[in-house]
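query22.csv, holding CSV, C-alpha atoms:
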chain,number,residue,atom,x,y,z
M,1266,MET,CA,75.6,135.0,56.3
M,1267,ILE,CA,74.0,137.4,58.8
M,1268,PHE,CA,76.1,139.8,60.8
M,1269,GLU,CA,74.5,140.6,64.1
M,1270,LYS,CA,77.1,142.9,65.6
M,1271,ILE,CA,80.1,145.1,64.7
M,1272,LEU,CA,83.3,143.6,66.1
M,1273,GLY,CA,85.4,146.7,65.9
M,1274,ASN,CA,87.1,148.9,63.4
M,1275,GLU,CA,90.0,148.2,61.1
M,1276,ASN,CA,91.9,151.1,62.7
M,1277,ASP,CA,91.7,149.5,66.2
M,1278,GLU,CA,95.2,148.4,67.1
M,1279,SER,CA,93.9,145.0,68.3
M,1280,PHE,CA,92.6,144.2,64.8
M,1281,SER,CA,94.9,146.1,62.4
M,1282,GLU,CA,97.8,143.6,62.3
M,1283,LYS,CA,95.6,140.6,61.8
M,1284,LEU,CA,93.6,142.4,59.0
M,1285,HIS,CA,96.8,143.5,57.4
M,1286,HIS,CA,98.0,139.9,57.3
M,1287,LEU,CA,94.7,138.7,55.8
M,1288,SER,CA,94.5,141.5,53.2
M,1289,HIS,CA,97.9,140.5,51.9
M,1290,LYS,CA,96.5,137.1,51.2
M,1291,SER,CA,93.3,138.6,49.6
M,1292,LEU,CA,91.3,137.2,52.4
M,1293,VAL,CA,89.4,140.4,53.3
M,1294,ASP,CA,86.0,140.9,51.6
M,1295,TYR,CA,84.9,144.5,51.5
M,1296,ILE,CA,81.3,145.7,51.4
M,1297,GLU,CA,80.8,149.2,49.8
M,1298,ILE,CA,77.9,151.1,51.3
M,1299,LYS,CA,76.4,154.3,49.8
M,1300,PRO,CA,76.5,157.2,52.3
M,1301,GLU,CA,72.6,157.3,52.6
M,1302,ASP,CA,72.6,153.6,53.6
M,1303,SER,CA,75.2,154.0,56.2
M,1304,PHE,CA,72.5,154.9,58.7
M,1305,ARG,CA,70.8,151.5,58.3
M,1306,ARG,CA,71.2,148.8,60.9
M,1307,ARG,CA,69.4,146.1,58.9
M,1308,MET,CA,69.7,145.5,55.2
M,1309,ARG,CA,70.9,143.1,52.5
M,1310,MET,CA,74.4,143.8,51.1
M,1311,VAL,CA,76.6,142.6,48.3
M,1312,SER,CA,80.4,142.7,48.7
M,1313,ILE,CA,82.9,143.7,46.0
M,1314,ASN,CA,83.5,140.0,45.4
M,1315,GLY,CA,79.8,139.5,44.8
M,1316,ARG,CA,79.0,137.7,48.1
M,1317,GLU,CA,75.6,138.3,49.6
M,1318,TYR,CA,75.3,139.2,53.2
M,1319,LYS,CA,72.7,140.4,55.6
M,1320,LEU,CA,73.1,143.0,58.4
M,1321,ALA,CA,71.0,143.0,61.6
M,1322,ILE,CA,73.0,144.9,64.2
M,1323,PRO,CA,71.8,146.2,67.6
M,1324,ARG,CA,70.2,149.6,67.7
M,1325,SER,CA,73.1,150.8,69.8
M,1326,GLN,CA,75.6,150.2,67.0
M,1327,LYS,CA,76.2,152.0,63.8
M,1328,ILE,CA,78.3,151.1,60.8
M,1329,GLU,CA,81.3,153.3,59.9
M,1330,ASN,CA,84.0,153.2,57.4
M,1331,GLY,CA,86.2,150.3,58.5
M,1332,SER,CA,83.6,148.5,60.6
M,1333,ILE,CA,84.6,144.8,60.9
M,1334,LEU,CA,81.7,142.4,60.6
M,1335,TRP,CA,83.6,139.1,60.6
M,1336,LEU,CA,87.1,138.2,61.6
M,1337,SER,CA,88.5,134.7,61.8
M,1338,GLU,CA,91.9,133.1,61.1
M,1339,ASP,CA,91.3,132.9,57.4
M,1340,PHE,CA,88.7,135.5,56.5
M,1341,ALA,CA,87.4,139.0,57.3
M,1342,VAL,CA,84.5,141.2,56.2
M,1343,VAL,CA,84.9,145.0,56.4
M,1344,ILE,CA,82.7,147.9,55.6
M,1345,ARG,CA,83.7,150.7,53.2
M,1346,ILE,CA,81.4,153.8,53.2
M,1347,LEU,CA,81.5,155.4,49.8
M,1348,ASN,CA,82.0,159.1,49.4
M,1349,GLY,CA,79.0,160.0,47.3
M,1350,PRO,CA,78.6,163.3,45.4
M,1351,LYS,CA,78.1,166.5,47.4
M,1352,ILE,CA,77.1,170.0,46.8
M,1353,ARG,CA,79.3,172.6,48.6
M,1354,VAL,CA,77.5,175.8,49.4
M,1355,THR,CA,79.6,178.8,50.5
M,1356,PRO,CA,77.7,181.8,51.9
M,1357,LYS,CA,79.2,185.2,51.3
M,1358,ASN,CA,78.1,186.9,54.5
M,1359,ILE,CA,76.7,186.1,57.9
M,1360,THR,CA,73.0,186.8,57.0
M,1361,SER,CA,73.3,184.4,54.0
M,1362,ALA,CA,74.9,181.8,56.2
M,1363,VAL,CA,72.0,181.9,58.6
M,1364,ARG,CA,69.5,181.7,55.8
M,1365,LEU,CA,71.4,178.8,54.2
M,1366,GLY,CA,71.6,176.8,57.4
M,1367,TYR,CA,67.9,177.3,58.1
M,1368,HIS,CA,67.1,176.3,54.5
M,1369,CYS,CA,69.1,173.0,54.7
M,1370,GLY,CA,67.6,172.1,58.1
M,1371,ASN,CA,64.1,172.9,56.9
M,1372,LEU,CA,64.5,170.5,54.0
M,1373,HIS,CA,66.0,167.8,56.3
M,1374,TRP,CA,69.1,167.6,54.2
M,1375,LYS,CA,72.1,165.6,55.5
M,1376,THR,CA,75.0,168.1,55.8
M,1377,ASN,CA,78.5,168.4,57.0
M,1378,PHE,CA,79.7,171.8,58.2
M,1379,ILE,CA,83.1,172.7,56.8
M,1380,GLN,CA,85.3,175.8,57.2
M,1381,GLY,CA,83.3,178.6,55.6
M,1382,GLY,CA,80.4,176.6,54.3
M,1383,ILE,CA,78.2,173.5,54.2
M,1384,ASP,CA,78.6,170.2,52.3
M,1385,ILE,CA,75.2,168.8,51.4
M,1386,ILE,CA,75.3,164.9,51.2
M,1387,LEU,CA,73.1,164.0,48.2
M,1388,SER,CA,70.5,161.3,48.3
M,1389,GLY,CA,68.9,160.9,44.8
M,1390,GLU,CA,68.9,163.4,42.0
M,1391,SER,CA,71.2,166.4,42.3
M,1392,GLN,CA,68.8,168.5,40.3
M,1393,ASN,CA,66.3,168.3,43.1
M,1394,TYR,CA,68.9,170.0,45.4
M,1395,PHE,CA,69.8,172.7,42.8
M,1396,ASP,CA,66.1,173.5,42.3
M,1397,ARG,CA,65.6,174.0,46.0
M,1398,LEU,CA,68.8,176.1,46.3
M,1399,LYS,CA,67.5,178.3,43.4
M,1400,THR,CA,64.5,179.3,45.5
M,1401,LEU,CA,66.9,180.8,48.1
M,1402,GLU,CA,68.9,183.0,45.7
M,1403,GLU,CA,66.5,185.9,46.2
M,1404,PHE,CA,67.2,185.9,49.9
M,1405,ALA,CA,70.9,184.9,50.3
M,1406,ASP,CA,74.2,185.4,48.5
M,1407,PHE,CA,76.1,182.1,48.2
M,1408,GLU,CA,78.2,180.0,45.8
M,1409,VAL,CA,77.3,176.5,44.8
M,1410,GLU,CA,79.8,173.8,43.7
M,1411,TYR,CA,79.0,170.2,42.7
M,1412,LEU,CA,81.7,167.8,43.9
M,1413,GLU,CA,81.9,164.4,42.2
M,1414,ASN,CA,82.4,161.2,44.1
M,1415,ASP,CA,86.0,161.2,45.3
M,1416,ASN,CA,86.5,157.6,46.1
W,1118,MET,CA,68.5,139.0,66.5
W,1119,THR,CA,66.6,142.3,66.9
W,1120,ALA,CA,63.1,142.6,65.5
W,1121,ALA,CA,62.9,144.4,62.1
W,1122,ARG,CA,61.3,147.8,62.3
W,1123,ILE,CA,59.2,148.6,59.3
W,1124,GLY,CA,57.7,152.1,58.7
W,1125,ILE,CA,54.4,152.7,56.9
W,1126,GLY,CA,53.8,156.3,55.9
W,1127,GLY,CA,51.6,158.2,53.6
W,1128,PRO,CA,48.8,160.7,53.3
W,1129,VAL,CA,45.6,160.7,55.4
W,1130,GLY,CA,43.1,158.1,54.1
W,1131,SER,CA,45.5,156.3,51.7
W,1132,GLY,CA,44.9,153.0,53.4
W,1133,LYS,CA,47.8,152.5,55.7
W,1134,THR,CA,45.8,150.9,58.5
W,1135,ALA,CA,43.9,148.7,56.1
W,1136,LEU,CA,47.2,147.5,54.6
W,1137,ILE,CA,48.5,146.6,58.0
W,1138,GLU,CA,45.4,144.6,58.7
W,1139,GLN,CA,45.9,142.7,55.5
W,1140,LEU,CA,49.6,142.1,56.3
W,1141,LEU,CA,48.8,140.8,59.7
W,1142,ASP,CA,47.0,137.8,58.0
W,1143,ASN,CA,50.3,137.0,56.2
W,1144,PHE,CA,52.3,137.3,59.4
W,1145,LYS,CA,49.9,134.9,61.1
W,1146,LYS,CA,50.0,132.4,58.1
W,1147,LYS,CA,53.8,132.3,58.3
W,1148,SER,CA,53.8,132.2,62.1
W,1149,ILE,CA,56.1,135.3,62.3
W,1150,SER,CA,55.8,137.1,65.6
W,1151,VAL,CA,54.7,140.7,65.0
W,1152,ALA,CA,53.6,143.8,66.8
W,1153,VAL,CA,52.2,147.2,65.7
W,1154,ILE,CA,52.7,150.8,66.7
W,1155,THR,CA,50.2,153.3,65.4
W,1156,ASN,CA,50.6,157.0,65.4
W,1157,ASP,CA,47.7,159.4,65.6
W,1158,LEU,CA,47.5,163.1,66.3
W,1159,VAL,CA,45.7,163.2,69.7
W,1160,THR,CA,43.7,159.9,69.8
W,1161,ASP,CA,44.4,156.1,69.7
W,1162,GLU,CA,42.0,155.7,66.8
W,1163,ASP,CA,44.1,153.4,64.5
W,1164,ALA,CA,45.3,151.2,67.4
W,1165,LEU,CA,41.7,150.7,68.6
W,1166,ARG,CA,40.7,149.8,65.0
W,1167,ILE,CA,43.5,147.2,64.8
W,1168,ARG,CA,42.7,145.8,68.2
W,1169,LYS,CA,39.1,145.5,67.3
W,1170,SER,CA,40.0,143.6,64.1
W,1171,GLY,CA,41.1,140.7,66.2
W,1172,LYS,CA,44.0,140.1,63.9
W,1173,LEU,CA,46.6,140.6,66.7
W,1174,LYS,CA,46.5,140.2,70.5
W,1175,GLU,CA,45.5,143.5,72.0
W,1176,ASP,CA,48.7,144.0,74.0
W,1177,ARG,CA,50.8,143.7,70.8
W,1178,VAL,CA,49.2,147.0,69.5
W,1179,VAL,CA,50.5,150.2,71.0
W,1180,ALA,CA,49.4,153.7,70.3
W,1181,VAL,CA,51.6,156.8,70.1
W,1182,GLN,CA,50.0,160.2,70.1
W,1183,ALA,CA,52.1,162.6,68.1
W,1184,GLY,CA,50.4,165.7,69.5
W,1185,ALA,CA,51.6,167.7,66.5
W,1186,CYS,CA,52.7,167.2,62.9
W,1187,PRO,CA,53.0,163.4,62.5
W,1188,HIS,CA,56.4,163.5,60.9
W,1189,THR,CA,58.0,165.1,64.0
W,1190,VAL,CA,57.7,161.7,65.8
W,1191,ILE,CA,59.0,159.6,63.0
W,1192,ARG,CA,61.8,161.8,61.8
W,1193,GLU,CA,62.9,164.9,63.8
W,1194,ASP,CA,62.5,163.3,67.3
W,1195,PRO,CA,61.4,159.7,67.0
W,1196,SER,CA,62.1,159.0,70.7
W,1197,LEU,CA,58.5,158.2,71.5
W,1198,ASN,CA,58.3,155.6,68.8
W,1199,ILE,CA,61.7,154.2,69.6
W,1200,SER,CA,60.7,153.8,73.2
W,1201,ALA,CA,57.5,152.1,72.3
W,1202,ALA,CA,59.4,149.7,70.0
W,1203,ASP,CA,62.0,149.0,72.7
W,1204,LYS,CA,59.3,148.2,75.2
W,1205,LEU,CA,57.6,145.8,72.8
W,1206,GLU,CA,60.8,144.0,72.1
W,1207,SER,CA,61.4,143.6,75.9
W,1208,LYS,CA,57.9,142.4,76.5
W,1209,PHE,CA,57.8,140.0,73.6
W,1210,PRO,CA,61.3,138.6,73.1
W,1211,ASP,CA,60.1,136.4,70.2
W,1212,LEU,CA,59.2,139.4,68.0
W,1213,LYS,CA,60.5,139.3,64.5
W,1214,ALA,CA,58.9,142.5,63.2
W,1215,ILE,CA,57.3,145.7,64.4
W,1216,LEU,CA,55.1,147.6,62.0
W,1217,ILE,CA,55.2,151.4,62.7
W,1218,GLU,CA,52.4,153.3,61.1
W,1219,SER,CA,52.8,157.1,60.8
W,1220,GLY,CA,49.9,159.4,61.3
W,1221,GLY,CA,48.5,160.6,57.9
W,1222,ASP,CA,50.8,163.3,56.6
W,1223,ASN,CA,51.9,165.1,53.5
W,1224,LEU,CA,54.2,164.1,50.6
W,1225,ALA,CA,57.3,165.5,52.4
W,1226,SER,CA,56.9,162.9,55.2
W,1227,THR,CA,59.9,160.6,55.6
W,1228,PHE,CA,61.1,158.2,58.3
W,1229,SER,CA,64.4,158.4,60.3
W,1230,LEU,CA,66.6,155.4,59.8
W,1231,ASP,CA,67.2,155.6,63.6
W,1232,LEU,CA,63.6,154.5,64.0
W,1233,VAL,CA,63.0,152.1,61.2
W,1234,ASP,CA,65.1,149.7,59.1
W,1235,TRP,CA,63.0,150.0,56.0
W,1236,TRP,CA,59.9,152.0,55.1
W,1237,MET,CA,57.1,152.2,52.6
W,1238,PHE,CA,55.0,155.1,51.5
W,1239,VAL,CA,51.3,154.4,50.7
W,1240,ILE,CA,49.4,156.6,48.3
W,1241,ASP,CA,46.1,155.9,46.6
W,1242,VAL,CA,44.6,156.5,43.2
W,1243,ALA,CA,41.8,158.6,44.6
W,1244,GLY,CA,44.3,161.1,45.9
W,1245,GLY,CA,45.1,161.9,42.3
W,1246,ASP,CA,47.2,160.5,39.6
W,1247,ASP,CA,49.5,163.5,39.7
W,1248,ILE,CA,51.0,162.5,43.1
W,1249,PRO,CA,54.0,160.6,41.7
W,1250,ARG,CA,54.8,163.6,39.4
W,1251,LYS,CA,55.1,166.0,42.4
W,1252,ASN,CA,58.4,164.4,43.5
W,1253,GLY,CA,57.6,164.5,47.2
W,1254,PRO,CA,60.4,163.2,49.4
W,1255,GLY,CA,58.0,160.5,50.7
W,1256,VAL,CA,57.4,159.2,47.2
W,1257,LEU,CA,61.0,159.5,46.1
W,1258,ASN,CA,62.9,158.3,49.2
W,1259,CYS,CA,60.9,155.4,50.5
W,1260,ASP,CA,62.2,151.9,50.0
W,1261,LEU,CA,58.9,150.9,48.5
W,1262,LEU,CA,56.0,153.0,47.0
W,1263,VAL,CA,52.6,151.4,47.3
W,1264,ILE,CA,49.8,152.7,45.1
W,1265,ASN,CA,46.6,151.5,46.9
W,1266,LYS,CA,42.9,151.4,46.2
W,1267,ILE,CA,43.4,150.5,42.6
W,1268,ASP,CA,39.8,149.3,42.3
W,1269,LEU,CA,38.8,153.0,42.5
W,1270,ALA,CA,40.8,154.0,39.4
W,1271,PRO,CA,37.9,153.9,36.9
W,1272,TYR,CA,35.7,155.9,39.3
W,1273,VAL,CA,38.1,158.8,39.8
W,1274,GLY,CA,39.3,159.1,36.2
W,1275,VAL,CA,42.8,157.6,36.8
W,1276,ASN,CA,44.7,155.6,34.2
W,1277,LEU,CA,46.4,153.2,36.6
W,1278,GLU,CA,48.9,152.0,34.0
W,1279,ASP,CA,50.1,155.6,33.4
W,1280,MET,CA,50.2,156.3,37.1
W,1281,LEU,CA,52.4,153.3,37.7
W,1282,LEU,CA,54.7,154.2,34.9
W,1283,GLU,CA,55.1,157.8,36.2
W,1284,ALA,CA,55.7,156.5,39.7
W,1285,LYS,CA,58.5,154.2,38.4
W,1286,SER,CA,60.0,157.0,36.4
W,1287,ALA,CA,60.0,159.4,39.3
W,1288,ARG,CA,61.7,156.8,41.5
W,1289,HIS,CA,64.3,155.9,38.9
W,1290,GLY,CA,63.5,152.2,38.9
W,1291,ARG,CA,63.1,151.8,42.7
W,1292,LYS,CA,60.3,149.5,43.7
W,1293,VAL,CA,56.6,150.4,43.1
W,1294,ILE,CA,53.7,148.0,43.6
W,1295,SER,CA,49.9,148.4,43.5
W,1296,SER,CA,47.3,147.1,45.9
W,1297,ASN,CA,43.7,146.8,46.8
W,1298,CYS,CA,43.1,146.0,50.4
W,1299,LYS,CA,39.4,145.2,49.9
W,1300,THR,CA,40.4,142.1,47.9
W,1301,GLY,CA,43.9,141.6,49.0
W,1302,ILE,CA,45.5,142.3,45.6
W,1303,GLY,CA,49.2,143.1,45.9
W,1304,VAL,CA,49.4,142.2,49.6
W,1305,ASP,CA,51.2,138.8,49.1
W,1306,GLU,CA,53.7,140.6,46.9
W,1307,LEU,CA,54.2,143.3,49.5
W,1308,PHE,CA,54.6,140.7,52.3
W,1309,SER,CA,57.2,138.8,50.2
W,1310,ILE,CA,59.2,142.1,49.7
W,1311,ILE,CA,59.2,142.8,53.4
W,1312,GLU,CA,60.2,139.3,54.2
W,1313,ASN,CA,63.1,139.4,51.8
W,1314,GLU,CA,64.3,142.9,52.5
W,1315,VAL,CA,64.3,143.0,56.3
W,1316,ILE,CA,62.8,140.0,58.1
W,1317,PHE,CA,65.4,137.5,56.9
W,1318,GLU,CA,63.3,134.4,58.0
Let me see whether you can do it: turn the structure in this file into structure tokens.
Amino acid sequence: MIFEKILGNENDESFSEKLHHLSHKSLVDYIEIKPEDSFRRRMRMVSINGREYKLAIPRSQKIENGSILWLSEDFAVVIRILNGPKIRVTPKNITSAVRLGYHCGNLHWKTNFIQGGIDIILSGESQNYFDRLKTLEEFADFEVEYLENDN
Amino acid sequence: MTAARIGIGGPVGSGKTALIEQLLDNFKKKSISVAVITNDLVTDEDALRIRKSGKLKEDRVVAVQAGACPHTVIREDPSLNISAADKLESKFPDLKAILIESGGDNLASTFSLDLVDWWMFVIDVAGGDDIPRKNGPGVLNCDLLVINKIDLAPYVGVNLEDMLLEAKSARHGRKVISSNCKTGIGVDELFSIIENEVIFE
């Protein structure tokens, strides 16, 4: 089965009741996507029930947590974006914050800004990130915390 | 359905253009409609080469001039390439795939997934058997690593078997294949992978 467009999100009022009804009958198939793959618009996917699907959505669309790829009277397919491991870096002063922000950008890391720090979204080995952060210790004062997958 | 956008990156001289030329034969054999976008620094060199090869109609080969570091137009701001791909899709509605070749770059070069659906990184044995051990983002993050010019291994003191093992180890089991564009070794396997992963024919 190839999904060529996103129909909506499970949180949309127009879909939520129908999905709720289907999920009670175990008629919703979920596809779990790693955070680094959530940027893809075309890929093969396997659902938690082991069904194989293909994604080929328009360039104007992007999958999100809760994206609905299929919805009929008796079946639905919904995306779940996994929360992968993160490294939380917390600068101790403004100068260190600027250095840290530049460093993450220069290395093209995917990040989320949080209150007082930055969450680095990991793609691949965490040690690669720790190694690069180590090189910054001489120039910036910051704390590093590894956060496990919290799904 | 949209055309699959496939990135081909790698260092200068690793054989990216030669690999595309080989792949074009496979696309032709399977009658899969394809176009190519090449990226060069300040010339149309690679596009001219592919047009001259006669493997694809000339108007299906488009050149993008990066003007600066090649990775800037495939990652930081890929709008030039996105625009070129959009225009190709409008002009040729039957397109199933667009091959986007980066300008030759360093091991840190990666593609934005806003530009491509899937991408490979091409290195060659003559570039040194230590490349996989250097853990460059291009080598680690690509969907497929291609080790090209394997026929040259004996002449440059490279043990190909070891190089492949080290590449697989660095990529933690993600796909690695070897190729020789002079004889076509590995090209059918590469084409099958592309077909299976993103063309969905």
Given only C-alpha atoms as the basis, pick out the residue of M:Gly1366, M:Gly1349, M:Phe1407, M:Phe1280 nearest to M:Ser1391.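 Among the listed residues, the smallest separation from M:Ser1391 belongs to M:Gly1349.
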Would you tabulate, counting only C-alpha atoms, all residues of chain M that have an atom at most 10 Å from an atom of chain W, showing the closest pair of atoms and their distance in Å to one decimal, sorted by chain then ascending number, as CSV?
residue,atom,partner,partner_atom,distance
M:Ile1267,CA,W:Phe1317,CA,8.8
M:Phe1268,CA,W:Met1118,CA,9.5
M:Glu1269,CA,W:Met1118,CA,6.7
M:Lys1270,CA,W:Met1118,CA,9.5
M:Glu1301,CA,W:Leu1230,CA,9.6
M:Asp1302,CA,W:Leu1230,CA,8.8
M:Ser1303,CA,W:Leu1230,CA,9.4
M:Phe1304,CA,W:Leu1230,CA,6.0
M:Arg1305,CA,W:Leu1230,CA,5.9
M:Arg1306,CA,W:Asp1234,CA,6.4
M:Arg1307,CA,W:Asp1234,CA,5.6
M:Met1308,CA,W:Val1315,CA,6.1
M:Arg1309,CA,W:Glu1314,CA,6.6
M:Lys1319,CA,W:Phe1317,CA,8.0
M:Leu1320,CA,W:Val1315,CA,9.0
M:Ala1321,CA,W:Met1118,CA,6.8
M:Ile1322,CA,W:Thr1119,CA,7.4
M:Pro1323,CA,W:Thr1119,CA,6.5
M:Arg1324,CA,W:Asp1231,CA,7.9
M:Ser1325,CA,W:Asp1231,CA,9.8
M:Lys1327,CA,W:Asp1231,CA,9.7
M:Leu1372,CA,W:Ala1225,CA,8.9
M:His1373,CA,W:Glu1193,CA,8.6
M:Ser1388,CA,W:Asn1258,CA,8.2
M:Gly1389,CA,W:Asn1258,CA,7.9
M:Glu1390,CA,W:His1289,CA,9.3
M:Asn1393,CA,W:Asn1252,CA,8.8
Could you pull the residues within 12 Å of M:Arg1397, counting only C-alpha atoms, minus those fewer than 2 positions along the same chain, as a ChimeraX atom specification? /M:1365,1368-1369,1371-1372,1374,1390-1395,1399-1403
Which distance in Å separates atom CA of W:Leu1224 and atom CA of W:Val1239, to one decimal? 10.1 Å
Which residue of W:Lys1213, W:Ile1294, W:Gly1126, W:Val1263 approaches W:Lys1147 most closely, using all atoms listed in the file: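 Closest to W:Lys1147 of all the choices is W:Lys1213.
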Please determine, counting all atoms listed in the file, which residue among W:Trp1236, W:Leu1136, W:Ile1125, W:Ser1150 has the shortest atom-to-atom distance to W:Lys1299.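 Closest to W:Lys1299, using all atoms listed in the file: W:Leu1136.
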Nearest to W:Leu1212: which of W:Val1178, W:Ile1267, W:Ala1164, W:Ile1149 is it, counting all atoms listed in the file?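 Smallest distance to W:Leu1212 is found for W:Ile1149.
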What does the distance between atom CA of M:Asp1294 and atom CA of M:Ile1271 come to in Å, to one decimal place?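 One can read the atom CA of M:Asp1294 to atom CA of M:Ile1271 distance as 15.0 Å.
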